[in-house]
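Participant: Input file: my_file_12.txt. Contents: compact mmCIF, C-alpha atoms and all ligand atoms.
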```
# COMPACT_ATOMS: atom_id res chain seq x y z
CA MET A 1 56.82 6.53 -26.87
CA THR A 2 56.19 6.98 -23.19
CA THR A 3 56.76 4.37 -20.54
CA ARG A 4 56.15 4.73 -16.86
CA ARG A 5 57.69 2.65 -14.16
CA THR A 6 56.83 1.67 -10.66
CA VAL A 7 58.20 4.07 -8.11
CA LEU A 8 61.35 2.81 -6.44
CA LYS A 9 61.76 3.74 -2.84
CA GLY A 10 65.15 4.81 -1.65
CA THR A 11 66.27 6.34 1.59
CA LEU A 12 66.85 9.85 2.87
CA ALA A 13 69.79 11.80 1.54
CA LEU A 14 71.15 12.40 5.00
CA PRO A 15 71.37 9.82 7.77
CA LEU A 16 68.45 11.47 9.47
CA LEU A 17 65.15 10.78 11.06
CA PRO A 18 62.20 9.39 9.08
CA PHE A 19 58.72 10.16 10.37
CA GLY A 20 55.51 8.82 8.98
CA LEU A 21 52.90 11.48 8.44
CA SER A 22 51.25 12.36 5.18
CA ALA A 23 52.90 13.01 1.83
CA CYS A 24 52.85 16.30 -0.03
CA SER A 25 49.99 18.14 -1.65
CA ASP A 26 49.36 21.51 -3.25
CA SER A 27 47.92 22.68 0.05
CA SER A 28 50.82 21.41 2.10
CA PRO A 29 51.56 23.57 5.12
CA ASN A 30 55.20 22.88 4.38
CA ARG A 31 56.21 25.36 1.66
CA TYR A 32 58.90 22.99 0.41
CA LEU A 33 56.36 20.25 -0.32
CA ALA A 34 53.83 22.53 -2.05
CA ASP A 35 53.32 23.19 -5.79
CA ASN A 36 56.43 22.51 -7.87
CA PHE A 37 58.57 21.91 -4.80
CA GLY A 38 56.56 18.72 -4.35
CA PRO A 39 57.88 15.42 -5.69
CA VAL A 40 56.68 13.49 -8.73
CA ASP A 41 55.78 9.85 -8.18
CA VAL A 42 56.46 8.31 -11.57
CA GLU A 43 59.65 7.48 -13.43
CA SER A 44 59.21 8.22 -17.13
CA THR A 45 60.99 7.50 -20.38
CA ILE A 46 59.74 9.76 -23.16
CA THR A 47 61.09 9.61 -26.68
CA ASP A 48 58.55 11.62 -28.67
CA LEU A 49 59.61 15.04 -27.49
CA ARG A 50 58.24 18.17 -29.14
CA VAL A 51 60.88 20.78 -29.93
CA THR A 52 60.36 24.35 -31.04
CA GLY A 53 63.25 26.45 -32.37
CA THR A 54 66.56 24.91 -33.35
CA LEU A 55 68.72 22.83 -31.07
CA PRO A 56 72.43 23.45 -31.67
CA PRO A 57 73.53 20.42 -33.73
CA GLU A 58 76.97 20.41 -32.10
CA LEU A 59 75.46 19.34 -28.77
CA SER A 60 75.59 15.59 -28.28
CA GLY A 61 75.27 14.52 -24.70
CA ARG A 62 72.95 14.82 -21.74
CA PHE A 63 71.59 17.72 -19.70
CA LEU A 64 71.16 16.23 -16.23
CA ARG A 65 69.77 17.74 -13.06
CA ASN A 66 69.39 16.31 -9.56
CA GLY A 67 66.99 17.25 -6.79
CA PRO A 68 65.11 15.96 -3.77
CA ASN A 69 62.08 13.81 -4.52
CA PRO A 70 60.96 12.03 -1.36
CA ALA A 71 59.31 8.68 -2.04
CA GLY A 72 56.55 7.52 0.24
CA SER A 73 55.38 9.34 3.32
CA VAL A 74 57.27 12.21 4.88
CA SER A 75 56.50 14.47 7.82
CA GLU A 76 54.79 17.71 6.80
CA SER A 77 56.03 19.32 9.98
CA SER A 78 59.67 18.31 9.90
CA TYR A 79 60.40 17.77 6.19
CA HIS A 80 63.36 19.81 4.99
CA TRP A 81 63.90 20.51 1.28
CA PHE A 82 67.48 19.29 1.50
CA VAL A 83 66.56 15.74 2.45
CA GLY A 84 64.72 13.06 0.63
CA ASP A 85 65.52 10.60 -2.10
CA GLY A 86 67.42 11.97 -5.05
CA MET A 87 65.86 12.03 -8.50
CA VAL A 88 67.82 12.83 -11.64
CA HIS A 89 66.02 14.30 -14.64
CA GLY A 90 67.83 14.09 -17.94
CA ILE A 91 67.45 14.97 -21.60
CA ARG A 92 69.64 13.44 -24.25
CA LEU A 93 70.51 15.59 -27.26
CA ASP A 94 72.16 14.31 -30.41
CA ASN A 95 72.90 16.24 -33.57
CA GLY A 96 70.03 18.68 -33.22
CA ARG A 97 67.52 16.12 -31.95
CA ALA A 98 66.03 15.64 -28.49
CA GLU A 99 66.31 11.87 -28.23
CA TRP A 100 64.82 11.22 -24.80
CA TYR A 101 63.75 12.51 -21.43
CA ARG A 102 64.18 10.27 -18.41
CA ASN A 103 63.74 10.73 -14.69
CA ARG A 104 65.02 8.13 -12.24
CA TYR A 105 65.39 7.80 -8.51
CA VAL A 106 69.07 7.80 -7.66
CA GLY A 107 68.73 4.95 -5.20
CA GLY A 108 71.21 4.00 -2.51
CA SER A 109 71.74 6.52 0.25
CA GLY A 110 69.95 9.22 -1.71
CA ALA A 111 72.54 11.49 -3.31
CA ASN A 112 70.07 14.26 -4.15
CA THR A 113 71.93 17.51 -4.84
CA ASN A 114 74.10 17.46 -7.95
CA VAL A 115 75.01 15.19 -10.84
CA ILE A 116 78.34 15.30 -12.65
CA GLY A 117 80.26 13.51 -15.34
CA PHE A 118 83.76 12.63 -14.22
CA ALA A 119 86.34 9.97 -15.06
CA GLY A 120 83.93 8.38 -17.50
CA ARG A 121 81.25 8.04 -14.84
CA THR A 122 77.92 9.72 -14.20
CA MET A 123 77.72 10.44 -10.47
CA ALA A 124 74.90 11.75 -8.29
CA ILE A 125 76.42 13.54 -5.30
CA VAL A 126 75.44 15.06 -1.97
CA GLU A 127 77.15 16.43 1.13
CA SER A 128 77.04 15.28 4.74
CA GLY A 129 78.57 11.85 4.62
CA SER A 130 76.94 10.01 1.73
CA MET A 131 79.02 8.43 -1.02
CA PRO A 132 78.60 9.42 -4.66
CA HIS A 133 76.17 7.16 -6.50
CA ASP A 134 77.04 5.98 -9.99
CA LEU A 135 74.36 6.10 -12.67
CA GLY A 136 74.27 4.49 -16.08
CA TYR A 137 74.03 6.51 -19.27
CA THR A 138 70.25 6.10 -19.18
CA LEU A 139 70.22 7.13 -15.49
CA ASP A 140 69.52 3.73 -13.97
CA SER A 141 71.21 3.13 -10.64
CA VAL A 142 74.58 1.38 -10.85
CA GLY A 143 75.65 1.57 -7.22
CA GLU A 144 77.57 3.44 -4.58
CA ASN A 145 80.97 4.77 -5.59
CA THR A 146 83.34 4.12 -2.69
CA SER A 147 86.58 5.11 -4.39
CA ILE A 148 86.62 8.60 -2.84
CA GLY A 149 86.39 7.46 0.79
CA THR A 150 84.05 8.49 3.59
CA GLY A 151 81.44 10.85 2.28
CA PHE A 152 81.78 13.49 -0.40
CA THR A 153 80.15 16.81 -1.28
CA ALA A 154 77.59 18.18 -3.71
CA HIS A 155 80.03 20.82 -4.96
CA PRO A 156 83.43 19.52 -5.96
CA LYS A 157 85.44 22.02 -7.98
CA LEU A 158 87.11 20.97 -11.19
CA ASP A 159 90.60 22.31 -11.80
CA PRO A 160 90.35 23.11 -15.50
CA ASP A 161 94.12 22.77 -15.95
CA SER A 162 94.79 19.46 -14.18
CA GLY A 163 91.36 17.89 -14.63
CA GLU A 164 91.30 16.96 -10.91
CA LEU A 165 88.32 17.43 -8.63
CA HIS A 166 88.74 19.28 -5.32
CA ALA A 167 86.21 18.99 -2.51
CA MET A 168 85.53 20.01 1.10
CA CYS A 169 83.71 17.11 2.71
CA TYR A 170 81.97 17.00 6.07
CA ASP A 171 80.31 14.01 7.70
CA TRP A 172 78.59 15.17 10.89
CA ALA A 173 77.43 11.71 11.92
CA ASN A 174 80.92 10.21 11.90
CA LEU A 175 83.47 13.05 11.97
CA ARG A 176 82.45 15.64 14.51
CA ASP A 177 85.74 17.51 14.93
CA HIS A 178 87.08 17.83 11.41
CA ILE A 179 86.28 18.03 7.74
CA ARG A 180 88.22 16.48 4.87
CA TYR A 181 89.70 18.33 1.93
CA VAL A 182 90.16 15.82 -0.85
CA VAL A 183 91.56 15.83 -4.35
CA VAL A 184 90.25 13.23 -6.77
CA GLY A 185 92.53 12.30 -9.66
CA THR A 186 91.47 12.12 -13.27
CA ASP A 187 91.18 8.35 -12.79
CA GLY A 188 88.36 8.92 -10.29
CA GLU A 189 90.42 7.70 -7.33
CA LEU A 190 91.29 9.60 -4.16
CA ALA A 191 94.65 11.32 -4.73
CA GLU A 192 95.07 13.59 -1.67
CA GLU A 193 93.33 14.00 1.67
CA THR A 194 93.86 16.66 4.35
CA GLU A 195 92.09 16.72 7.71
CA ILE A 196 90.99 20.18 8.84
CA GLN A 197 90.05 20.65 12.49
CA LEU A 198 87.29 23.20 13.10
CA PRO A 199 85.87 24.71 16.31
CA GLY A 200 82.46 23.20 15.56
CA MET A 201 80.61 21.27 12.86
CA PRO A 202 79.42 23.82 10.31
CA MET A 203 77.40 23.00 7.23
CA ILE A 204 79.96 23.51 4.45
CA HIS A 205 77.99 23.26 1.24
CA ASP A 206 80.54 24.41 -1.31
CA MET A 207 84.12 25.62 -1.71
CA SER A 208 86.21 27.71 -4.04
CA LEU A 209 89.44 26.91 -5.77
CA THR A 210 92.01 29.43 -6.98
CA GLU A 211 95.47 29.06 -8.48
CA ASN A 212 97.12 28.73 -5.07
CA TYR A 213 94.33 28.10 -2.56
CA ALA A 214 91.42 25.88 -1.64
CA VAL A 215 88.86 28.11 0.08
CA ILE A 216 86.93 27.01 3.18
CA PHE A 217 83.63 28.69 4.05
CA ASP A 218 83.40 28.27 7.84
CA LEU A 219 80.05 29.94 8.47
CA PRO A 220 77.62 30.05 11.41
CA VAL A 221 75.15 27.29 10.50
CA THR A 222 76.21 24.41 12.72
CA LEU A 223 75.12 21.02 13.95
CA SER A 224 72.42 21.57 16.57
CA PHE A 225 71.89 18.90 19.19
CA MET A 226 68.62 20.58 20.07
CA ALA A 227 67.46 20.11 16.48
CA LEU A 228 68.66 16.52 16.55
CA GLY A 229 66.79 15.92 19.77
CA THR A 230 63.54 17.33 18.46
CA GLY A 231 63.60 15.14 15.38
CA SER A 232 64.12 17.86 12.80
CA ASP A 233 65.00 16.40 9.41
CA LEU A 234 67.95 18.76 9.07
CA PRO A 235 69.94 19.13 12.30
CA PHE A 236 71.71 22.37 11.37
CA ARG A 237 70.75 25.79 12.71
CA TRP A 238 71.92 29.39 12.66
CA ASP A 239 74.49 29.77 15.44
CA ASP A 240 75.08 33.27 16.87
CA ASP A 241 77.99 31.97 18.91
CA TYR A 242 79.96 30.63 15.94
CA GLU A 243 82.46 33.08 14.49
CA PRO A 244 82.17 33.30 10.69
CA ARG A 245 85.39 33.18 8.75
CA VAL A 246 86.89 32.19 5.44
CA GLY A 247 90.03 30.08 5.17
CA LEU A 248 92.70 29.90 2.47
CA LEU A 249 94.38 26.51 2.46
CA PRO A 250 97.52 26.63 0.31
CA ARG A 251 97.10 23.93 -2.34
CA GLY A 252 99.38 21.06 -1.45
CA GLY A 253 99.87 22.55 2.03
CA GLU A 254 98.97 21.51 5.57
CA ALA A 255 95.93 22.48 7.61
CA SER A 256 98.22 24.43 9.95
CA GLU A 257 99.00 26.79 7.06
CA ILE A 258 95.39 27.89 6.54
CA ILE A 259 95.01 31.68 6.45
CA TRP A 260 91.79 32.49 8.32
CA SER A 261 90.02 35.86 7.97
CA PRO A 262 86.90 36.93 9.88
CA LEU A 263 83.64 37.79 8.12
CA LYS A 264 80.46 39.56 9.15
CA PRO A 265 77.73 37.10 10.12
CA ASN A 266 76.23 35.55 6.99
CA TYR A 267 75.59 32.27 5.29
CA ALA A 268 76.34 31.31 1.71
CA PHE A 269 75.75 28.10 -0.16
CA HIS A 270 77.29 28.99 -3.50
CA PRO A 271 80.24 31.02 -4.71
CA MET A 272 79.97 32.11 -8.33
CA ASN A 273 83.72 31.99 -8.79
CA ALA A 274 86.99 32.94 -7.08
CA TYR A 275 90.41 33.99 -8.35
CA GLU A 276 93.60 35.76 -7.34
CA ASP A 277 94.11 39.29 -8.58
CA ALA A 278 97.42 40.85 -9.67
CA SER A 279 98.24 41.89 -6.09
CA GLY A 280 97.70 38.40 -4.69
CA GLN A 281 94.32 39.14 -3.11
CA VAL A 282 91.65 36.48 -3.40
CA VAL A 283 88.42 37.68 -4.97
CA ILE A 284 85.28 35.64 -4.26
CA ASP A 285 81.89 36.39 -5.80
CA ILE A 286 79.18 34.72 -3.77
CA CYS A 287 75.43 34.56 -3.17
CA ARG A 288 75.14 35.70 0.45
CA TYR A 289 72.28 35.41 2.93
CA GLU A 290 71.92 37.52 6.06
CA ARG A 291 70.48 34.62 8.04
CA MET A 292 69.90 30.89 7.44
CA PHE A 293 67.91 28.20 9.30
CA GLU A 294 67.12 30.51 12.20
CA ASN A 295 63.30 30.54 11.97
CA ASP A 296 62.63 28.74 8.68
CA VAL A 297 64.02 25.30 9.41
CA ARG A 298 62.43 23.60 6.39
CA GLY A 299 64.37 25.33 3.62
CA PRO A 300 66.62 28.24 2.68
CA PHE A 301 64.27 31.01 1.59
CA GLY A 302 62.27 31.91 4.71
CA ASP A 303 64.80 33.82 6.82
CA SER A 304 66.47 35.98 4.17
CA LEU A 305 67.15 35.94 0.44
CA PRO A 306 70.56 35.94 -1.22
CA ARG A 307 72.19 38.92 -2.89
CA LEU A 308 75.40 38.85 -4.92
CA ASP A 309 78.48 40.01 -2.98
CA ARG A 310 82.19 40.29 -3.69
CA TRP A 311 84.61 39.38 -0.92
CA THR A 312 88.22 40.46 -1.43
CA ILE A 313 90.61 38.72 0.94
CA ASN A 314 94.03 40.17 1.71
CA PRO A 315 96.04 37.12 2.82
CA LYS A 316 98.76 39.31 4.34
CA THR A 317 96.48 41.29 6.66
CA ARG A 318 93.93 38.47 7.03
CA THR A 319 91.11 40.89 6.32
CA VAL A 320 88.11 40.72 4.00
CA SER A 321 86.52 43.62 2.15
CA GLU A 322 82.82 42.79 1.63
CA GLN A 323 81.04 44.64 -1.20
CA VAL A 324 77.50 44.33 -2.52
CA VAL A 325 77.51 43.59 -6.26
CA ASP A 326 73.75 43.31 -6.84
CA THR A 327 71.00 43.69 -4.25
CA ARG A 328 68.54 41.79 -6.43
CA THR A 329 68.01 38.39 -4.87
CA GLN A 330 69.58 35.56 -6.82
CA GLU A 331 71.03 32.08 -6.42
CA PHE A 332 72.47 29.07 -8.27
CA PRO A 333 75.40 30.93 -9.88
CA ARG A 334 77.20 29.36 -12.83
CA ILE A 335 80.13 30.38 -15.03
CA HIS A 336 82.11 29.18 -18.03
CA PRO A 337 83.43 25.81 -16.82
CA ASP A 338 86.99 26.45 -18.05
CA LEU A 339 87.31 29.59 -15.89
CA ASN A 340 86.81 28.03 -12.49
CA GLY A 341 89.41 29.60 -10.18
CA LYS A 342 90.55 32.11 -12.80
CA PRO A 343 89.77 35.76 -13.59
CA TYR A 344 86.45 35.86 -15.42
CA ARG A 345 83.85 38.31 -16.61
CA TYR A 346 80.43 36.66 -16.77
CA GLY A 347 78.25 34.81 -14.29
CA TYR A 348 74.70 33.52 -14.61
CA THR A 349 72.15 33.24 -11.78
CA VAL A 350 68.48 32.61 -11.05
CA GLY A 351 66.40 35.43 -9.62
CA VAL A 352 64.69 34.39 -6.38
CA ALA A 353 61.45 36.20 -5.51
CA GLY A 354 60.14 34.64 -2.33
CA TYR A 355 59.56 31.06 -3.42
CA ASP A 356 59.40 31.95 -7.11
CA PHE A 357 62.16 31.91 -9.74
CA PRO A 358 61.07 34.34 -12.45
CA THR A 359 64.35 35.46 -14.01
CA ILE A 360 67.72 34.39 -15.36
CA TYR A 361 70.40 37.04 -14.82
CA LYS A 362 73.64 37.47 -16.71
CA GLN A 363 76.13 39.41 -14.58
CA ASP A 364 78.98 41.31 -16.20
CA MET A 365 81.44 41.38 -13.31
CA GLN A 366 83.71 43.84 -15.12
CA THR A 367 81.17 46.56 -15.84
CA GLY A 368 78.64 45.77 -13.12
CA ALA A 369 75.88 45.63 -15.71
CA ALA A 370 73.35 42.83 -15.71
CA THR A 371 70.97 41.63 -18.40
CA GLU A 372 68.06 39.31 -17.82
CA PHE A 373 65.60 36.87 -19.30
CA ASN A 374 62.21 36.90 -17.65
CA VAL A 375 60.59 33.51 -18.16
CA GLY A 376 57.06 34.93 -18.04
CA ALA A 377 54.11 35.14 -15.68
CA GLY A 378 53.39 31.95 -13.80
CA ARG A 379 56.62 30.43 -15.01
CA HIS A 380 59.76 29.59 -13.06
CA SER A 381 63.35 29.02 -14.08
CA ALA A 382 66.11 27.00 -12.48
CA GLU A 383 69.89 26.89 -12.38
CA PRO A 384 71.27 28.14 -15.72
CA VAL A 385 74.05 25.90 -16.99
CA PHE A 386 76.52 27.56 -19.36
CA ILE A 387 77.76 25.48 -22.30
CA PRO A 388 80.50 26.97 -24.48
CA ARG A 389 79.76 27.01 -28.18
CA GLU A 390 82.04 24.86 -30.29
CA GLY A 391 84.74 27.20 -31.60
CA ALA A 392 83.70 29.97 -29.20
CA LEU A 393 85.58 33.25 -29.60
CA THR A 394 84.55 34.99 -26.39
CA GLU A 395 83.78 33.99 -22.81
CA ASP A 396 80.02 34.31 -23.21
CA ASP A 397 79.88 32.67 -26.65
CA GLY A 398 77.68 29.74 -25.77
CA TYR A 399 74.33 28.54 -24.50
CA LEU A 400 72.43 28.58 -21.23
CA MET A 401 70.22 25.61 -20.47
CA THR A 402 67.59 25.66 -17.75
CA PHE A 403 64.39 23.89 -16.88
CA VAL A 404 61.34 26.16 -16.86
CA TYR A 405 58.16 25.16 -15.02
CA ASP A 406 54.78 26.48 -16.21
CA GLU A 407 52.11 26.72 -13.50
CA GLY A 408 49.18 26.87 -15.92
CA SER A 409 49.95 23.65 -17.76
CA ASN A 410 51.77 22.04 -14.80
CA VAL A 411 54.56 20.83 -17.07
CA SER A 412 58.18 21.80 -17.65
CA GLU A 413 60.40 22.70 -20.59
CA LEU A 414 64.10 22.63 -21.21
CA VAL A 415 64.94 26.07 -22.56
CA VAL A 416 68.12 26.88 -24.49
CA LEU A 417 69.21 30.54 -24.48
CA ASP A 418 71.91 32.41 -26.38
CA ALA A 419 74.22 33.49 -23.55
CA GLN A 420 75.34 36.53 -25.55
CA ASP A 421 71.80 37.76 -25.97
CA LEU A 422 69.35 36.74 -23.26
CA ALA A 423 66.77 39.22 -24.54
CA ARG A 424 66.50 37.13 -27.70
CA GLY A 425 64.58 34.55 -25.68
CA ALA A 426 64.67 30.82 -26.21
CA ILE A 427 66.52 29.65 -29.30
CA ALA A 428 65.14 26.18 -28.64
CA THR A 429 62.57 24.70 -26.28
CA ILE A 430 62.03 21.03 -25.53
CA HIS A 431 58.45 20.61 -24.33
CA LEU A 432 57.97 17.90 -21.73
CA PRO A 433 54.58 16.35 -20.94
CA VAL A 434 55.61 16.10 -17.29
CA ARG A 435 56.84 18.52 -14.68
CA VAL A 436 60.36 18.66 -13.30
CA PRO A 437 60.17 19.69 -9.64
CA TYR A 438 62.34 22.55 -8.43
CA GLY A 439 65.63 20.93 -7.61
CA PHE A 440 69.21 21.85 -7.16
CA HIS A 441 72.08 21.33 -9.55
CA GLY A 442 73.09 19.68 -12.75
CA ASN A 443 75.36 19.80 -15.72
CA TRP A 444 75.66 19.37 -19.43
CA ILE A 445 77.65 16.16 -19.83
CA PRO A 446 78.92 15.82 -23.40
CA ASP A 447 79.28 12.34 -24.85
CA THR A 448 83.00 13.08 -25.05
CA VAL A 449 83.10 13.03 -21.22
CA THR A 450 80.79 10.09 -20.58
CA ALA A 451 80.21 7.97 -23.65
CA PRO A 452 76.80 6.43 -24.43
CA THR A 453 76.50 2.78 -23.53
FE FE A 501 74.24 23.68 -3.90
```
Represent the structure from my file as structure tokens, please.
Facilitator:
Amino acid sequence: MTTRRTVLKGTLALPLLPFGLSACSDSSPNRYLADNFGPVDVESTITDLRVTGTLPPELSGRFLRNGPNPAGSVSESSYHWFVGDGMVHGIRLDNGRAEWYRNRYVGGSGANTNVIGFAGRTMAIVESGSMPHDLGYTLDSVGENTSIGTGFTAHPKLDPDSGELHAMCYDWANLRDHIRYVVVGTDGELAEETEIQLPGMPMIHDMSLTENYAVIFDLPVTLSFMALGTGSDLPFRWDDDYEPRVGLLPRGGEASEIIWSPLKPNYAFHPMNAYEDASGQVVIDICRYERMFENDVRGPFGDSLPRLDRWTINPKTRTVSEQVVDTRTQEFPRIHPDLNGKPYRYGYTVGVAGYDFPTIYKQDMQTGAATEFNVGAGRHSAEPVFIPREGALTEDDGYLMTFVYDEGSNVSELVVLDAQDLARGAIATIHLPVRVPYGFHGNWIPDTVTAPT
């Protein structure tokens, strides 16, 4: 059965500047509105899904992914990929069956970047001042979640031992001189909050968490009043005058205790993972760009492309050793969810080739070897989410799930890979009759975390 609903119009993800020119098209001069970057204009519920291969019967829950999907008219000239109404795409699995696919506008203030299951809730989340937005099990909008306080982030980090969420939150429209480090308790309520004064207002997209530190990426993409004044959708720009650095905030400590270490100029959205080694150094593996939002001010891929680096911070000398791990361009790193902040061996990324996403990489951070799954000509992958197998014996004993878009048929699939053997190809594919636009982040949310209603 397939049902289609009237498009619901929401608002921009950031409290920014709407302009009223034409909507997207395949020939859009704005690269981030063209082809599968462009939005879909229909909300669907599809229950007759075709599956090839065998879905792991142990998986009962939802694979959810959020991304920007501007409703109505947007400016071709100023549209930035990071703004626009959020749309969550989800597939429900149960005991080896693909029960449904749904896509829904998030609604509210447009949390468009990630979707998580936490404290029994399903939450769409975004940075830059917007609240999380609660969704129902079937992805319909429930309403803004105000329990965390002013604004949140798209990349909270789960402490796998305590079950708490940690987040670096900025809110450029309301808090121009500081960011907030918050800890959210397992009950979903704000448990701790620390104000951190910074010399400017950088875009802080993500953070890392280790046993003893919360890590702050204070990098030279900052609020630009020139960009604000010219009506750019995203008012952040590369800033040669801003000194890049990384900060180690002792967990439970004060902002005055932060250990700052300088970095070479760079920008990074996403660390793969971070941990403390036996000598007390902090190791951070991260997808690093040479430049960001300097000339391409509509999205992240025009100025430089990200490689995988390892930063090793010596907290005593306040120095960082920066090493290249893999020069192949890649983004959207994921790991085993129980190893966040701990020593680990495997990470999974998407290969980025210009504006194409042809490959899933599996990085062995111990040996330096990488294996890959090429999704095929004219096909494009997305963030690979790792799901441990029930009863797993090793770190990589599990599945990778990713959406794959096929240019020829203009539709998408949900592909399930064996994380121990990417070369084996898909062990299961759920064929959708619709396309899922390139988006950002998502998660496998088992029914044990957020129960069906
Ligand atoms: Fe992100």
Participant: Could you list, as number ranges by chain, all the residues within 9 Å of ligand FE 501 (chain A), counting only C-alpha atoms and all ligand atoms?
Facilitator: A: 113-114, 126, 154-155, 205-206, 269-270, 332, 440-441
Participant: Here is a test: counting only C-alpha atoms, which residue of A:Ser128, A:Thr52, A:Thr122, A:Thr230 is nearest to Ser77 (chain A)?
Facilitator: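 Among the listed residues, A:Thr230 lies closest to Ser77 (chain A).
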Participant: Check the smallest atom-to-atom distance from each of A:Gln281, A:Tyr438, A:Leu158, A:Pro446 to Ala34 (chain A) using all atoms listed in the file, then report the winner.
Facilitator: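 Between A:Gln281, A:Tyr438, A:Leu158, A:Pro446, the residue approaching Ala34 (chain A) most closely is A:Tyr438.
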Participant: For His166 (chain A), work out the shell of residues within 6 Å, counting only C-alpha atoms and skipping chain neighbours fewer than 4 positions away, then give it as a list of chain:residue names.
Facilitator: A:Pro156, A:Lys157, A:Val182, A:Val183
Participant: Nearest residue to Glu290 (chain A) out of A:Leu219, A:Leu339, A:Val415, A:Leu55, using all atoms listed in the file?
Facilitator: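 That would be A:Leu219, the residue with the smallest distance to Glu290 (chain A).
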Participant: In terms of the shortest atom-to-atom distance over all atoms listed in the file, which of A:Asp285, A:Asp159, A:Asp326, A:Asp41 is closest to Asn212 (chain A)?
Facilitator: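 Of all the options, A:Asp159 lies closest to Asn212 (chain A).
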